[in-house]
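K.L.:
A single structure is presented below for examination.
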Amino acid sequence: MNELISGDFTKAAEPWALFVQWLAEAESAEINDPNAMALATVDAGGLPDVRMVLLKGYDSHGFVFYTNSQSAKGQELQTNSRAALVLHWKSLRRQVRARGRVEIVSDAEADAYFATRPHGSQIGAWASDQSRPLPDRATLENNVVSLNARYGDTAPPRPPHWLGYRIVPTEIEFWQDQRSRLHDRIKFSRTNQSEVWQRERLYP
């Protein structure tokens with residue numbers, strides 16, 4: 001482990017090794033969904049929208065999540081392909097923020113992840129017209145029954161509208177709680193992926 005990361009995190013030279021360490025520590029400390037993150041997008045009128053999603057992949061290229069492209073967030077990302085995220089680990093008193101442009105992951109990557117989902121979640125991806133009006137719970141449950149009858153124990157294919165999105169960050173900020181609200185904050189920034197990350201410490 002990088003000595004600077006394990007000690008004073010504000011001296012880390014780049015963000016990804018630090019993120020990997022913090023997420024691993026969160027996976028040991030958080031009871032539920034350490035990969036849960038708030039995802040913010042903007043609608044066509046400029047009104048912000050935010051919801052919780054699950055981080056399903058990450059590397060030096062960005063943060064990956066999956067959703068129905070016909071959902072509210074999918075439509076918002078089609079109009080404005082930029083987003084922001086926050087992962088907050090209450091038990092560790094830490095958070096990570098990031099923002100940047102959004103790109104759609106390859107079909108091969110989306111197929112590979114969809115194949116790892118439990119069968120019920122695969123069926124659910126077909127059964128739900130996400131974000132659209134639902135007349136009653138029975139309608140959704142009937143969709144599930146019909147799909148289960150159709151596919152049985154066979155894994156359904158990935159729906160064409162179920163896509164992976166990668167937030168390619170231009171900024172990543174790490175926040176650690178400290179006494180008297182004098183928190184530690186460090187922000188990494190760059191304008192494109194070919195640049196070296198620039199680090200700066202921020203006032204709390």
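Letters A, B, ... go to the chains of the structure tokens in the order shown; residues in each chain start at 1; ligands are counted from 1 in the same order.
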Compile the contact shell of segment 155-165 of chain A as a PyMOL selection string: residues with an atom at most 9 Å away, counting only C-alpha atoms, same-chain residues fewer than 5 positions apart removed.
P.N.:
chain A and resi 63-70+74+102-107+109-111+113-115+119+122-123+125-126+147
K.L.:
Take the residues from that selection and put them in a file with N, CA and C atoms, as a PDB file, in the first residue's frame.
P.N.:
ATOM      1  N   PHE A  63     -16.282   5.741 -13.484  1.00  0.00           N
ATOM      2  CA  PHE A  63     -17.212   5.046 -12.593  1.00  0.00           C
ATOM      3  C   PHE A  63     -18.403   4.544 -13.419  1.00  0.00           C
ATOM      4  N   VAL A  64     -18.755   3.267 -13.280  1.00  0.00           N
ATOM      5  CA  VAL A  64     -19.778   2.664 -14.134  1.00  0.00           C
ATOM      6  C   VAL A  64     -21.019   2.277 -13.332  1.00  0.00           C
ATOM      7  N   PHE A  65     -22.187   2.601 -13.886  1.00  0.00           N
ATOM      8  CA  PHE A  65     -23.462   2.144 -13.340  1.00  0.00           C
ATOM      9  C   PHE A  65     -24.336   1.717 -14.515  1.00  0.00           C
ATOM     10  N   TYR A  66     -25.423   1.010 -14.210  1.00  0.00           N
ATOM     11  CA  TYR A  66     -26.320   0.494 -15.251  1.00  0.00           C
ATOM     12  C   TYR A  66     -27.748   0.946 -14.978  1.00  0.00           C
ATOM     13  N   THR A  67     -28.494   1.169 -16.046  1.00  0.00           N
ATOM     14  CA  THR A  67     -29.880   1.564 -15.888  1.00  0.00           C
ATOM     15  C   THR A  67     -30.621   1.416 -17.208  1.00  0.00           C
ATOM     16  N   ASN A  68     -31.933   1.574 -17.132  1.00  0.00           N
ATOM     17  CA  ASN A  68     -32.797   1.596 -18.311  1.00  0.00           C
ATOM     18  C   ASN A  68     -32.605   2.946 -19.010  1.00  0.00           C
ATOM     19  N   SER A  69     -32.209   2.912 -20.259  1.00  0.00           N
ATOM     20  CA  SER A  69     -31.950   4.160 -20.978  1.00  0.00           C
ATOM     21  C   SER A  69     -33.217   4.969 -21.215  1.00  0.00           C
ATOM     22  N   GLN A  70     -34.388   4.323 -21.039  1.00  0.00           N
ATOM     23  CA  GLN A  70     -35.656   5.026 -21.209  1.00  0.00           C
ATOM     24  C   GLN A  70     -36.159   5.619 -19.894  1.00  0.00           C
ATOM     25  N   GLY A  74     -31.821   8.102 -17.778  1.00  0.00           N
ATOM     26  CA  GLY A  74     -31.346   7.766 -19.108  1.00  0.00           C
ATOM     27  C   GLY A  74     -31.685   8.847 -20.119  1.00  0.00           C
ATOM     28  N   VAL A 102     -20.326  11.762 -19.511  1.00  0.00           N
ATOM     29  CA  VAL A 102     -20.818  10.394 -19.414  1.00  0.00           C
ATOM     30  C   VAL A 102     -20.777   9.747 -20.792  1.00  0.00           C
ATOM     31  N   GLU A 103     -20.274   8.517 -20.832  1.00  0.00           N
ATOM     32  CA  GLU A 103     -20.265   7.751 -22.072  1.00  0.00           C
ATOM     33  C   GLU A 103     -20.941   6.408 -21.838  1.00  0.00           C
ATOM     34  N   ILE A 104     -21.464   5.808 -22.885  1.00  0.00           N
ATOM     35  CA  ILE A 104     -22.113   4.498 -22.785  1.00  0.00           C
ATOM     36  C   ILE A 104     -21.044   3.415 -22.930  1.00  0.00           C
ATOM     37  N   VAL A 105     -21.069   2.434 -22.050  1.00  0.00           N
ATOM     38  CA  VAL A 105     -20.081   1.356 -22.116  1.00  0.00           C
ATOM     39  C   VAL A 105     -20.394   0.462 -23.321  1.00  0.00           C
ATOM     40  N   SER A 106     -19.447  -0.358 -23.713  1.00  0.00           N
ATOM     41  CA  SER A 106     -19.634  -1.233 -24.872  1.00  0.00           C
ATOM     42  C   SER A 106     -20.711  -2.279 -24.596  1.00  0.00           C
ATOM     43  N   ASP A 107     -21.306  -2.799 -25.667  1.00  0.00           N
ATOM     44  CA  ASP A 107     -22.292  -3.864 -25.525  1.00  0.00           C
ATOM     45  C   ASP A 107     -21.676  -5.079 -24.835  1.00  0.00           C
ATOM     46  N   GLU A 109     -19.296  -5.175 -22.612  1.00  0.00           N
ATOM     47  CA  GLU A 109     -19.174  -4.915 -21.176  1.00  0.00           C
ATOM     48  C   GLU A 109     -20.533  -5.003 -20.490  1.00  0.00           C
ATOM     49  N   ALA A 110     -21.560  -4.435 -21.115  1.00  0.00           N
ATOM     50  CA  ALA A 110     -22.903  -4.486 -20.537  1.00  0.00           C
ATOM     51  C   ALA A 110     -23.431  -5.915 -20.501  1.00  0.00           C
ATOM     52  N   ASP A 111     -23.197  -6.676 -21.571  1.00  0.00           N
ATOM     53  CA  ASP A 111     -23.635  -8.074 -21.611  1.00  0.00           C
ATOM     54  C   ASP A 111     -22.965  -8.886 -20.499  1.00  0.00           C
ATOM     55  N   TYR A 113     -21.753  -7.871 -17.635  1.00  0.00           N
ATOM     56  CA  TYR A 113     -22.277  -7.566 -16.305  1.00  0.00           C
ATOM     57  C   TYR A 113     -23.708  -8.100 -16.147  1.00  0.00           C
ATOM     58  N   PHE A 114     -24.543  -7.939 -17.168  1.00  0.00           N
ATOM     59  CA  PHE A 114     -25.935  -8.401 -17.072  1.00  0.00           C
ATOM     60  C   PHE A 114     -25.975  -9.898 -16.770  1.00  0.00           C
ATOM     61  N   ALA A 115     -25.040 -10.648 -17.329  1.00  0.00           N
ATOM     62  CA  ALA A 115     -25.003 -12.100 -17.121  1.00  0.00           C
ATOM     63  C   ALA A 115     -24.707 -12.475 -15.671  1.00  0.00           C
ATOM     64  N   HIS A 119     -31.148 -14.049 -11.471  1.00  0.00           N
ATOM     65  CA  HIS A 119     -32.202 -14.250 -12.474  1.00  0.00           C
ATOM     66  C   HIS A 119     -33.367 -13.294 -12.262  1.00  0.00           C
ATOM     67  N   GLN A 122     -32.565  -9.947 -13.629  1.00  0.00           N
ATOM     68  CA  GLN A 122     -32.593  -9.960 -15.095  1.00  0.00           C
ATOM     69  C   GLN A 122     -34.027  -9.850 -15.604  1.00  0.00           C
ATOM     70  N   ILE A 123     -34.931 -10.611 -14.973  1.00  0.00           N
ATOM     71  CA  ILE A 123     -36.345 -10.540 -15.345  1.00  0.00           C
ATOM     72  C   ILE A 123     -36.887  -9.141 -15.061  1.00  0.00           C
ATOM     73  N   ALA A 125     -35.410  -6.334 -15.157  1.00  0.00           N
ATOM     74  CA  ALA A 125     -34.973  -5.351 -16.149  1.00  0.00           C
ATOM     75  C   ALA A 125     -35.898  -5.321 -17.360  1.00  0.00           C
ATOM     76  N   TRP A 126     -36.517  -6.467 -17.677  1.00  0.00           N
ATOM     77  CA  TRP A 126     -37.495  -6.542 -18.760  1.00  0.00           C
ATOM     78  C   TRP A 126     -38.885  -6.102 -18.294  1.00  0.00           C
ATOM     79  N   LEU A 147     -42.985 -13.082 -17.872  1.00  0.00           N
ATOM     80  CA  LEU A 147     -41.596 -13.238 -18.292  1.00  0.00           C
ATOM     81  C   LEU A 147     -40.980 -14.510 -17.721  1.00  0.00           C
TER      82      LEU A 147
END
K.L.:
What's around segment 6-21 of chain A at 9 Å? Count only C-alpha atoms, leave out sequence neighbours fewer than 4 positions away in its own chain, and write the answer as a ChimeraX atom specification.
P.N.:
/A:1-2,25-26,58-60,96,172-174,184-188,196-201
K.L.:
Can you spit out the residues from that selection as a short mmCIF file (atom, residue, chain, number, x, y, z; two decimals), in the first residue's frame, using N, CA and C atoms?
P.N.:
data_model
loop_
_atom_site.label_atom_id
_atom_site.label_comp_id
_atom_site.auth_asym_id
_atom_site.auth_seq_id
_atom_site.Cartn_x
_atom_site.Cartn_y
_atom_site.Cartn_z
N MET A 1 0.85 -1.20 0.00
CA MET A 1 0.00 0.00 0.00
C MET A 1 0.88 1.25 0.00
N ASN A 2 0.51 2.24 -0.74
CA ASN A 2 1.23 3.50 -0.78
C ASN A 2 1.29 4.11 0.61
N GLU A 25 -12.12 -0.36 2.31
CA GLU A 25 -12.38 -0.16 3.73
C GLU A 25 -13.88 0.00 3.99
N ALA A 26 -14.59 0.63 3.05
CA ALA A 26 -16.04 0.76 3.18
C ALA A 26 -16.72 -0.59 3.08
N TYR A 58 -15.38 0.29 -11.82
CA TYR A 58 -14.55 1.49 -11.77
C TYR A 58 -13.13 1.09 -12.18
N ASP A 59 -12.47 2.02 -12.83
CA ASP A 59 -11.05 1.89 -13.15
C ASP A 59 -10.57 3.30 -13.47
N SER A 60 -9.38 3.40 -14.00
CA SER A 60 -8.81 4.72 -14.25
C SER A 60 -9.57 5.51 -15.31
N VAL A 96 -16.74 10.59 -1.18
CA VAL A 96 -16.04 10.86 -2.43
C VAL A 96 -17.04 11.48 -3.39
N ILE A 172 -12.37 14.71 -8.96
CA ILE A 172 -12.66 13.73 -7.92
C ILE A 172 -12.21 14.34 -6.59
N GLU A 173 -13.13 14.40 -5.64
CA GLU A 173 -12.81 15.00 -4.34
C GLU A 173 -13.00 13.99 -3.22
N PHE A 174 -12.04 13.95 -2.31
CA PHE A 174 -12.08 13.09 -1.14
C PHE A 174 -12.26 13.96 0.10
N ASP A 184 -10.93 17.46 6.38
CA ASP A 184 -9.89 17.39 5.36
C ASP A 184 -10.55 17.17 4.01
N ARG A 185 -10.15 17.97 3.02
CA ARG A 185 -10.66 17.83 1.66
C ARG A 185 -9.51 17.94 0.67
N ILE A 186 -9.48 17.05 -0.30
CA ILE A 186 -8.50 17.11 -1.37
C ILE A 186 -9.21 16.87 -2.69
N LYS A 187 -8.90 17.69 -3.67
CA LYS A 187 -9.55 17.58 -4.98
C LYS A 187 -8.49 17.35 -6.05
N PHE A 188 -8.78 16.34 -6.90
CA PHE A 188 -7.97 16.09 -8.08
C PHE A 188 -8.76 16.58 -9.29
N VAL A 196 -2.11 14.87 -16.59
CA VAL A 196 -1.79 14.41 -15.25
C VAL A 196 -2.74 15.08 -14.27
N TRP A 197 -3.21 14.31 -13.28
CA TRP A 197 -4.10 14.88 -12.27
C TRP A 197 -3.40 15.98 -11.49
N GLN A 198 -4.11 17.07 -11.27
CA GLN A 198 -3.64 18.14 -10.41
C GLN A 198 -4.33 18.04 -9.05
N ARG A 199 -3.55 18.14 -7.99
CA ARG A 199 -4.11 17.99 -6.64
C ARG A 199 -4.07 19.33 -5.91
N GLU A 200 -5.17 19.60 -5.20
CA GLU A 200 -5.18 20.77 -4.34
C GLU A 200 -5.99 20.48 -3.09
N ARG A 201 -5.55 21.06 -2.01
CA ARG A 201 -6.27 20.92 -0.74
C ARG A 201 -7.28 22.06 -0.65
#
K.L.:
Can you list, as a PyMOL selection string, every protein, DNA or RNA residue that comes within 9 Å of Leu77 of chain A when you count only C-alpha atoms, leaving out same-chain residues fewer than 4 positions away?
P.N.:
chain A and resi 41-43+69+72-73+81-83+102
K.L.:
Find the residue from A:Ala138, A:Ile167, A:Ala112, A:Leu23 that sits nearest to Ala40 of chain A; use only C-alpha atoms when measuring.
P.N.:
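Of the candidates, the smallest distance to Ala40 of chain A is held by A:Ile167.
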K.L.:
Could you check the closest approach to Thr79 of chain A for each of A:Ala29, A:Ala149, A:Ala36, A:Ala44 and tell me which residue wins, using only C-alpha atoms?
P.N.:
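That would be A:Ala44, the residue with the smallest distance to Thr79 of chain A.
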K.L.:
Using Å and a single decimal, report how far atom CA of Ala98 of chain A sits from atom CA of Thr170 of chain A.
P.N.:
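We find that atom CA of Thr170 of chain A and atom CA of Ala98 of chain A lie 7.6 Å from each other.
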K.L.:
Pick out each residue of segment 21-191 of chain A that DSSP on the backbone tags as helix (DSSP H, G or I); I need them as an mmCIF file with C-alpha atoms, in the first residue's frame.
P.N.:
data_model
loop_
_atom_site.group_PDB
_atom_site.id
_atom_site.type_symbol
_atom_site.label_atom_id
_atom_site.label_comp_id
_atom_site.auth_asym_id
_atom_site.auth_seq_id
_atom_site.Cartn_x
_atom_site.Cartn_y
_atom_site.Cartn_z
ATOM 1 C CA GLN A 21 -8.385 1.777 -0.699
ATOM 2 C CA TRP A 22 -11.349 3.764 0.609
ATOM 3 C CA LEU A 23 -13.899 1.553 -1.155
ATOM 4 C CA ALA A 24 -12.227 -1.590 0.213
ATOM 5 C CA GLU A 25 -12.382 -0.158 3.727
ATOM 6 C CA ALA A 26 -16.039 0.763 3.182
ATOM 7 C CA GLU A 27 -16.809 -2.791 2.060
ATOM 8 C CA SER A 28 -15.518 -3.979 5.442
ATOM 9 C CA ALA A 29 -17.299 -1.310 7.480
ATOM 10 C CA ALA A 72 -35.663 9.603 -16.347
ATOM 11 C CA LYS A 73 -31.908 9.528 -15.800
ATOM 12 C CA GLY A 74 -31.346 7.766 -19.108
ATOM 13 C CA GLN A 75 -33.319 10.438 -20.961
ATOM 14 C CA GLU A 76 -31.565 13.217 -19.067
ATOM 15 C CA LEU A 77 -28.164 11.761 -19.931
ATOM 16 C CA GLN A 78 -29.171 11.565 -23.575
ATOM 17 C CA THR A 79 -29.925 15.292 -23.501
ATOM 18 C CA ASP A 107 -22.292 -3.864 -25.525
ATOM 19 C CA ALA A 108 -19.767 -6.543 -24.550
ATOM 20 C CA GLU A 109 -19.174 -4.915 -21.176
ATOM 21 C CA ALA A 110 -22.903 -4.486 -20.537
ATOM 22 C CA ASP A 111 -23.635 -8.074 -21.611
ATOM 23 C CA ALA A 112 -20.928 -9.418 -19.324
ATOM 24 C CA TYR A 113 -22.277 -7.566 -16.305
ATOM 25 C CA PHE A 114 -25.935 -8.401 -17.072
ATOM 26 C CA HIS A 119 -32.202 -14.250 -12.474
ATOM 27 C CA GLY A 120 -34.892 -12.191 -10.740
ATOM 28 C CA SER A 121 -33.004 -8.966 -11.448
ATOM 29 C CA GLN A 122 -32.593 -9.960 -15.095
ATOM 30 C CA ILE A 123 -36.345 -10.540 -15.345
ATOM 31 C CA GLY A 124 -36.977 -7.253 -13.547
ATOM 32 C CA ALA A 125 -34.973 -5.351 -16.149
ATOM 33 C CA TRP A 126 -37.495 -6.542 -18.760
ATOM 34 C CA ALA A 127 -40.587 -6.204 -16.566
ATOM 35 C CA ARG A 137 -48.586 -3.106 -8.402
ATOM 36 C CA ALA A 138 -50.439 -6.012 -9.962
ATOM 37 C CA THR A 139 -49.475 -4.860 -13.453
ATOM 38 C CA LEU A 140 -45.781 -5.078 -12.605
ATOM 39 C CA GLU A 141 -46.178 -8.437 -10.887
ATOM 40 C CA ASN A 142 -48.117 -9.809 -13.872
ATOM 41 C CA ASN A 143 -45.264 -8.711 -16.141
ATOM 42 C CA VAL A 144 -42.858 -10.703 -13.986
ATOM 43 C CA VAL A 145 -45.105 -13.786 -14.077
ATOM 44 C CA SER A 146 -45.342 -13.633 -17.864
ATOM 45 C CA LEU A 147 -41.596 -13.238 -18.292
ATOM 46 C CA ASN A 148 -40.835 -16.076 -15.893
ATOM 47 C CA ALA A 149 -43.199 -18.284 -17.881
ATOM 48 C CA ARG A 150 -41.448 -17.269 -21.084
ATOM 49 C CA TYR A 151 -37.861 -17.787 -19.948
ATOM 50 C CA ARG A 179 -13.151 17.671 14.753
ATOM 51 C CA SER A 180 -14.912 21.037 14.980
ATOM 52 C CA ARG A 181 -16.013 20.732 11.337
#
K.L.:
Select, from A:Gly100, A:Ser71, A:Leu182, A:Gln176, the residue with the minimum atom-to-atom distance to Gln130 of chain A, counting only C-alpha atoms.
P.N.:
A:Ser71
K.L.:
Quick one: residues within 6 Å of Val86 of chain A, only C-alpha atoms, excluding same-chain residues fewer than 4 positions away - as a tab-separated table (two decimals) with C-alpha atoms, in the first residue's frame?
P.N.:
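File result05.tsv, as written:
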chain	number	residue	atom	x	y	z
A	37	MET	CA	-23.93	6.44	-4.70
A	38	ALA	CA	-26.07	9.49	-5.29
A	96	VAL	CA	-16.04	10.86	-2.43
A	97	ARG	CA	-17.47	13.24	-5.01
K.L.:
One decimal, in Å: what's the spacing between atom CA of Pro169 of chain A and atom CA of Arg99 of chain A?
P.N.:
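Going from atom CA of Pro169 of chain A over to atom CA of Arg99 of chain A covers 5.1 Å.
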K.L.:
Smallest atom-to-atom distance to Gly46 of chain A: which of A:Asn80, A:Gln178, A:Gln95, A:Lys90, using only C-alpha atoms?
P.N.:
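Going through A:Asn80, A:Gln178, A:Gln95, A:Lys90 one by one, the smallest distance to Gly46 of chain A is for A:Asn80.
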K.L.:
When you draw a straight line from atom CA of Arg51 of chain A to atom CA of Ser131 of chain A, how long is it in Å?
P.N.:
11.8 Å
